[in-house]
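One file, final.txt, carrying compact mmCIF, C-alpha atoms:
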```
# COMPACT_ATOMS: atom_id res chain seq x y z
CA MET A 13 97.12 76.77 56.69
CA ASP A 14 95.04 78.95 54.36
CA SER A 15 96.69 82.32 53.67
CA MET A 16 93.51 84.22 54.60
CA ILE A 17 93.39 82.54 58.02
CA ILE A 18 97.07 83.34 58.57
CA SER A 19 96.45 86.98 57.60
CA LEU A 20 93.51 87.15 60.01
CA ILE A 21 95.54 85.69 62.88
CA VAL A 22 98.50 88.01 62.23
CA GLY A 23 96.15 90.97 61.93
CA ILE A 24 94.31 90.29 65.18
CA VAL A 25 97.52 89.55 67.12
CA THR A 26 99.19 92.76 65.90
CA LEU A 27 95.98 94.71 66.59
CA ILE A 28 95.74 93.40 70.16
CA PHE A 29 99.41 94.19 70.76
CA SER A 30 98.95 97.71 69.38
CA VAL A 31 95.79 98.60 71.32
CA VAL A 32 97.29 97.24 74.54
CA ILE A 33 100.34 99.49 74.08
CA HIS A 34 97.95 102.36 73.32
CA GLU A 35 95.94 101.90 76.53
CA VAL A 36 98.99 101.26 78.74
CA ALA A 37 100.48 104.52 77.43
CA HIS A 38 97.34 106.40 78.51
CA GLY A 39 97.44 104.78 81.94
CA ALA A 40 101.16 105.30 82.46
CA VAL A 41 100.99 109.01 81.68
CA ALA A 42 97.91 109.38 83.91
CA TYR A 43 99.87 107.68 86.70
CA TYR A 44 102.76 110.10 86.13
CA PHE A 45 100.37 113.02 86.57
CA GLY A 46 98.96 111.66 89.84
CA ASP A 47 96.10 109.32 88.92
CA SER A 48 96.64 105.69 89.94
CA THR A 49 93.20 104.46 88.78
CA ALA A 50 94.59 102.45 85.87
CA LYS A 51 97.27 100.91 88.10
CA VAL A 52 94.77 99.99 90.84
CA ASN A 53 92.52 98.38 88.22
CA GLY A 54 95.40 96.27 86.86
CA ARG A 55 95.56 98.08 83.53
CA LEU A 56 99.24 99.04 83.60
CA THR A 57 100.20 95.65 82.21
CA LEU A 58 101.14 94.28 78.81
CA ASN A 59 99.07 91.19 79.56
CA PRO A 60 96.28 91.57 76.97
CA LEU A 61 93.56 89.88 79.04
CA PRO A 62 92.62 92.89 81.25
CA HIS A 63 92.43 95.08 78.12
CA ILE A 64 90.33 92.87 75.86
CA ASP A 65 86.80 93.92 75.04
CA PRO A 66 84.95 90.97 73.41
CA MET A 67 83.17 93.20 70.89
CA TRP A 68 85.89 95.70 69.94
CA THR A 69 88.98 93.50 70.33
CA ILE A 70 87.67 90.24 68.84
CA ILE A 71 84.34 90.45 66.99
CA MET A 72 84.72 93.83 65.24
CA PRO A 73 88.24 93.08 63.94
CA ILE A 74 86.93 89.88 62.33
CA ILE A 75 84.03 91.79 60.76
CA PHE A 76 86.38 94.50 59.47
CA PHE A 77 88.78 91.88 58.10
CA PHE A 78 86.16 90.17 55.98
CA SER A 79 84.48 93.41 54.91
CA MET A 80 87.49 95.70 54.39
CA GLY A 81 90.49 93.36 54.32
CA THR A 82 92.09 94.76 57.49
CA PRO A 83 91.17 93.90 61.09
CA PHE A 84 90.40 97.04 63.06
CA GLY A 85 89.10 97.63 66.56
CA GLY A 86 90.12 98.71 70.03
CA ALA A 87 90.49 97.74 73.67
CA LYS A 88 88.66 98.66 76.86
CA PRO A 89 89.46 102.32 77.60
CA VAL A 90 91.79 102.82 80.53
CA PRO A 91 89.92 104.51 83.41
CA VAL A 92 91.14 107.98 84.36
CA ASN A 93 89.91 109.95 87.38
CA PHE A 94 90.22 113.62 86.46
CA PHE A 95 89.98 114.68 90.10
CA ASN A 96 93.28 112.94 90.87
CA LEU A 97 95.20 114.91 88.28
CA ARG A 98 97.28 117.85 89.42
CA ASN A 99 96.12 120.02 86.51
CA PRO A 100 93.22 118.13 84.86
CA LYS A 101 92.78 120.33 81.78
CA ARG A 102 96.47 120.43 80.93
CA ASP A 103 97.27 116.87 81.99
CA MET A 104 94.50 115.39 79.82
CA ILE A 105 96.24 116.74 76.73
CA PHE A 106 99.31 114.63 77.51
CA ILE A 107 97.29 111.61 78.66
CA SER A 108 95.15 111.66 75.51
CA ALA A 109 98.13 112.20 73.20
CA ALA A 110 100.06 109.32 74.80
CA GLY A 111 98.00 106.60 73.06
CA PRO A 112 98.39 107.89 69.47
CA LEU A 113 102.04 108.72 70.19
CA ALA A 114 102.67 105.13 71.32
CA ASN A 115 101.08 103.91 68.07
CA PHE A 116 103.22 106.39 66.14
CA LEU A 117 106.36 104.91 67.69
CA LEU A 118 105.21 101.37 66.85
CA ALA A 119 104.47 102.42 63.27
CA LEU A 120 107.88 104.11 63.04
CA ILE A 121 109.68 101.01 64.32
CA SER A 122 107.78 98.72 61.95
CA LEU A 123 108.36 101.01 58.92
CA PHE A 124 112.07 101.28 59.75
CA THR A 125 112.26 97.47 59.98
CA ILE A 126 110.49 97.12 56.62
CA ALA A 127 112.95 99.56 55.04
CA MET A 128 115.96 97.72 56.47
CA LEU A 129 114.68 94.31 55.35
CA SER A 130 114.02 95.65 51.85
CA ARG A 131 117.53 97.06 51.58
CA VAL A 132 119.18 93.90 52.87
CA GLY A 133 116.96 91.68 50.71
CA PHE A 134 116.67 88.72 53.10
CA GLU A 135 114.05 86.56 51.41
CA SER A 136 114.15 84.16 54.37
CA LEU A 137 112.73 86.95 56.53
CA HIS A 138 109.65 87.43 54.34
CA GLY A 139 107.42 86.37 57.27
CA VAL A 140 108.93 89.03 59.53
CA LYS A 141 108.40 91.65 56.83
CA SER A 142 104.74 90.62 56.47
CA VAL A 143 104.19 91.00 60.22
CA MET A 144 105.86 94.42 60.17
CA ILE A 145 103.66 95.53 57.28
CA ALA A 146 100.56 94.44 59.22
CA LEU A 147 101.85 96.22 62.34
CA TYR A 148 102.49 99.40 60.36
CA ARG A 149 99.07 99.45 58.72
CA ILE A 150 97.18 98.80 61.94
CA ASN A 151 99.05 101.46 63.89
CA LEU A 152 98.59 103.95 61.07
CA LEU A 153 94.83 103.30 61.20
CA LEU A 154 94.79 103.60 65.00
CA ILE A 155 96.63 106.91 64.96
CA ALA A 156 94.38 108.50 62.36
CA PHE A 157 91.14 107.20 63.87
CA ASN A 158 91.98 108.21 67.44
CA LEU A 159 93.00 111.71 66.36
CA ILE A 160 89.56 112.45 64.91
CA PRO A 161 88.22 115.27 67.12
CA ILE A 162 84.93 113.60 68.03
CA PRO A 163 84.27 112.67 71.69
CA PRO A 164 85.34 110.37 73.24
CA LEU A 165 88.24 109.83 70.81
CA ASP A 166 91.68 111.06 71.85
CA GLY A 167 91.63 113.90 69.34
CA SER A 168 88.59 115.42 71.04
CA ARG A 169 90.20 115.25 74.48
CA ILE A 170 93.33 116.96 73.16
CA LEU A 171 91.13 119.65 71.61
CA ILE A 172 89.15 120.08 74.84
CA GLY A 173 92.41 120.60 76.71
CA ILE A 174 93.45 123.31 74.25
CA LEU A 175 90.13 125.17 73.98
CA PRO A 176 89.15 127.94 76.44
CA SER A 177 87.19 126.58 79.39
CA GLY A 178 83.76 127.71 78.15
CA LEU A 179 84.18 126.18 74.70
CA ALA A 180 85.79 123.07 76.21
CA GLN A 181 82.82 122.46 78.50
CA ALA A 182 80.33 122.98 75.66
CA TYR A 183 82.28 120.63 73.39
CA SER A 184 82.61 117.95 76.06
CA ARG A 185 78.80 117.76 76.29
CA LEU A 186 78.86 115.97 72.93
CA GLU A 187 80.52 112.91 74.50
CA PRO A 188 77.29 110.98 75.31
CA TYR A 189 76.40 111.25 71.61
CA GLY A 190 79.91 110.63 70.27
CA PHE A 191 79.38 107.04 69.21
CA ILE A 192 76.13 107.95 67.42
CA ILE A 193 77.90 110.81 65.63
CA ILE A 194 80.76 108.53 64.54
CA VAL A 195 78.36 105.86 63.23
CA ALA A 196 76.28 108.50 61.41
CA LEU A 197 79.40 109.97 59.78
CA LEU A 198 80.58 106.49 58.84
CA PHE A 199 77.34 105.50 57.13
CA THR A 200 77.01 108.85 55.32
CA GLY A 201 80.60 108.69 54.12
CA LEU A 202 81.46 112.00 55.81
CA LEU A 203 83.91 110.32 58.19
CA HIS A 204 86.10 109.76 55.14
CA TYR A 205 86.77 113.51 54.93
CA LEU A 206 88.05 113.60 58.51
CA TYR A 207 89.86 110.29 58.53
CA VAL A 208 91.69 110.17 55.19
CA PRO A 209 93.52 113.53 55.54
CA LEU A 210 94.78 112.49 58.98
CA LEU A 211 95.81 109.09 57.60
CA SER A 212 97.69 110.69 54.70
CA MET A 213 99.48 113.25 56.88
CA VAL A 214 100.66 110.64 59.39
CA ASN A 215 101.74 108.29 56.58
CA VAL A 216 103.73 111.05 54.87
CA LEU A 217 105.36 112.10 58.15
CA LEU A 218 106.41 108.53 58.97
CA HIS A 219 107.91 108.04 55.51
CA MET A 220 109.76 111.37 55.73
CA ILE A 221 111.34 110.25 59.01
CA CYS A 222 112.28 106.76 57.77
CA TYR A 223 113.31 107.56 54.22
```
As a first step, turn the structure in this file into structure tokens.
Amino acid sequence: MDSMIISLIVGIVTLIFSVVIHEVAHGAVAYYFGDSTAKVNGRLTLNPLPHIDPMWTIIMPIIFFFSMGTPFGGAKPVPVNFFNLRNPKRDMIFISAAGPLANFLLALISLFTIAMLSRVGFESLHGVKSVMIALYRINLLLIAFNLIPIPPLDGSRILIGILPSGLAQAYSRLEPYGFIIIVALLFTGLLHYLYVPLLSMVNVLLHMICY
């Protein structure tokens, strides 16, 4: 099979696995804090089918792969009912942070595996190392992107939970325009200045832990 097709398949499979873990983490923490919406809707499962969004989980990753060399996308957001939470403002910090933290743990595991395989030097496990590299890169991208403080990304929800109530309410009003803002920043190149510093910091932190 052509190496590009193999890379695409590996990339999409590792992406789907990573975004499913991300969304399940959100739902599980929400359930812990009293909201069973994700569980009732069948989203607390590692079965990828309930999480797949045709555009963001399949089509966009293919577009990103052929345009940027790395498949990137997301899954259907896990539903959360704020009114079910015991302390909505506080609890949303933990719920929002759960997704990037799950990706951080996946990236840490994959980087540790890469380091171990490199030290042992098992050439026969080259395929495993390639999958781990893909898993690391995708989770690194997911962490940095989701931590951008633009609604409705996780970084914005963490920030809203930290801000005083007045500022939090004002900031949350940006959410209906969040996607437009992200697209505008992407096409103007300004998103680079938010995204790359986050990417670099997370990458450095992961390497400090593993090496």
Inset, instruction - Give me, please, the distance in Å between CA of Leu123 in chain A and CA of Thr26 in chain A, quoted to one decimal. - result: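 Atom-to-atom, CA of Leu123 in chain A and CA of Thr26 in chain A are spaced 14.2 Å apart.
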Inset, instruction - Can you work out the spacing between CA of Leu27 in chain A and CA of Ile155 in chain A in Å, to one decimal? - result: 12.3 Å
Write out as CSV a residue-level contact list of range 46-72 of chain A versus range 99-116 of chain A with cut-off 12 Å: for each qualifying residue the closest pair of atoms and the distance in Å to one decimal, counting all atoms listed in the file, rows sorted by chain and residue number upward.
```
residue,atom,partner,partner_atom,distance
A:Gly46,CA,A:Asn99,CA,9.4
A:Asp47,CA,A:Pro100,CA,10.1
A:Ala50,CA,A:Ile107,CA,12.0
```
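CA of Val25 in chain A is positioned 27.2 Å from CA of Tyr223 in chain A.
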Which residues are close to range 13-17 of chain A, i.e. within 12 Å by all atoms listed in the file, leaving aside same-chain residues fewer than 6 positions away? Reply as a PDB file with C-alpha atoms, in the frame of the given file.
```pdb
ATOM      1  CA  GLY A  23      96.150  90.970  61.930  1.00  0.00           C
ATOM      2  CA  ILE A  24      94.310  90.290  65.180  1.00  0.00           C
ATOM      3  CA  ILE A  74      86.930  89.880  62.330  1.00  0.00           C
ATOM      4  CA  PHE A  77      88.780  91.880  58.100  1.00  0.00           C
ATOM      5  CA  PHE A  78      86.160  90.170  55.980  1.00  0.00           C
ATOM      6  CA  GLY A  81      90.490  93.360  54.320  1.00  0.00           C
ATOM      7  CA  THR A  82      92.090  94.760  57.490  1.00  0.00           C
ATOM      8  CA  PRO A  83      91.170  93.900  61.090  1.00  0.00           C
ATOM      9  CA  SER A 142     104.740  90.620  56.470  1.00  0.00           C
TER      10      SER A 142
END
```
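Between Val92 in chain A and the candidates A:Tyr44, A:Phe199, A:Phe76, A:Trp68, the tightest atom-to-atom separation, counting all atoms listed in the file, involves A:Tyr44.
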Inset, instruction - Considering all atoms listed in the file, return as a list in words whatever protein or nucleic-acid residues lie within 9 Å of Gly86 in chain A, sequence-local ones (same chain, fewer than 5 positions apart) excluded. - result: Leu27, Ile28, Ser30, Val31, Val32, Ile64, Asp65, Met67, Trp68, Thr69, Ile70, Met72, Pro73 and Leu154 of chain A
Go ahead and fit an axis-aligned box to every listed atom of range 98-105 of chain A plus 8 Å each side, and pass me the centre and edge lengths in Å, one decimal, as lines of an AutoDock Vina configuration file.
```
center_x = 95.0
center_y = 117.9
center_z = 83.1
size_x = 20.5
size_y = 21.0
size_z = 28.7
```
Inset, instruction - Find, counting all atoms listed in the file, the residue in A:Pro91, A:Pro209, A:Gly39, A:Pro188 that gets nearest to Leu153 in chain A. - result: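 Closest residue, counting all atoms listed in the file: A:Pro209.
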Pull the neighbourhood of (80.9, 113.9, 65.4) for me: all residues within 9 Å in file coordinates, counting all atoms listed in the file, as a short mmCIF file (atom, residue, chain, number, x, y, z; two decimals) with C-alpha atoms, keeping the file's coordinate frame.
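So the final result, stored in point-v5.cif, reads:
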```
data_model
loop_
_atom_site.label_atom_id
_atom_site.label_comp_id
_atom_site.auth_asym_id
_atom_site.auth_seq_id
_atom_site.Cartn_x
_atom_site.Cartn_y
_atom_site.Cartn_z
CA ILE A 160 89.56 112.45 64.91
CA PRO A 161 88.22 115.27 67.12
CA ILE A 162 84.93 113.60 68.03
CA PRO A 163 84.27 112.67 71.69
CA LEU A 186 78.86 115.97 72.93
CA TYR A 189 76.40 111.25 71.61
CA GLY A 190 79.91 110.63 70.27
CA PHE A 191 79.38 107.04 69.21
CA ILE A 192 76.13 107.95 67.42
CA ILE A 193 77.90 110.81 65.63
CA ILE A 194 80.76 108.53 64.54
CA VAL A 195 78.36 105.86 63.23
CA ALA A 196 76.28 108.50 61.41
CA LEU A 197 79.40 109.97 59.78
CA LEU A 203 83.91 110.32 58.19
#
```
Inset, instruction - Just the residues within 10 Å of Phe124 in chain A, please, counting all atoms listed in the file, with nothing from its chain fewer than 6 positions along; format it as an MDAnalysis selection string. - result: chainID A and resid 118 130 144 148 218:219 221:223
Legend entry - From A:Leu159, A:Ile172, A:Ala87, A:Ile145, residue lying nearest Val208 in chain A [only C-alpha atoms]: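 Comparing A:Leu159, A:Ile172, A:Ala87, A:Ile145 against Val208 in chain A, the winner is A:Leu159.
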Inset, instruction - Name the closest residue to Asn93 in chain A among the candidates A:Leu202, A:Leu175, A:Val52, A:Ile33; distances are taken between atoms, counting all atoms listed in the file. - result: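 For Asn93 in chain A, the nearest of the candidates is A:Val52.
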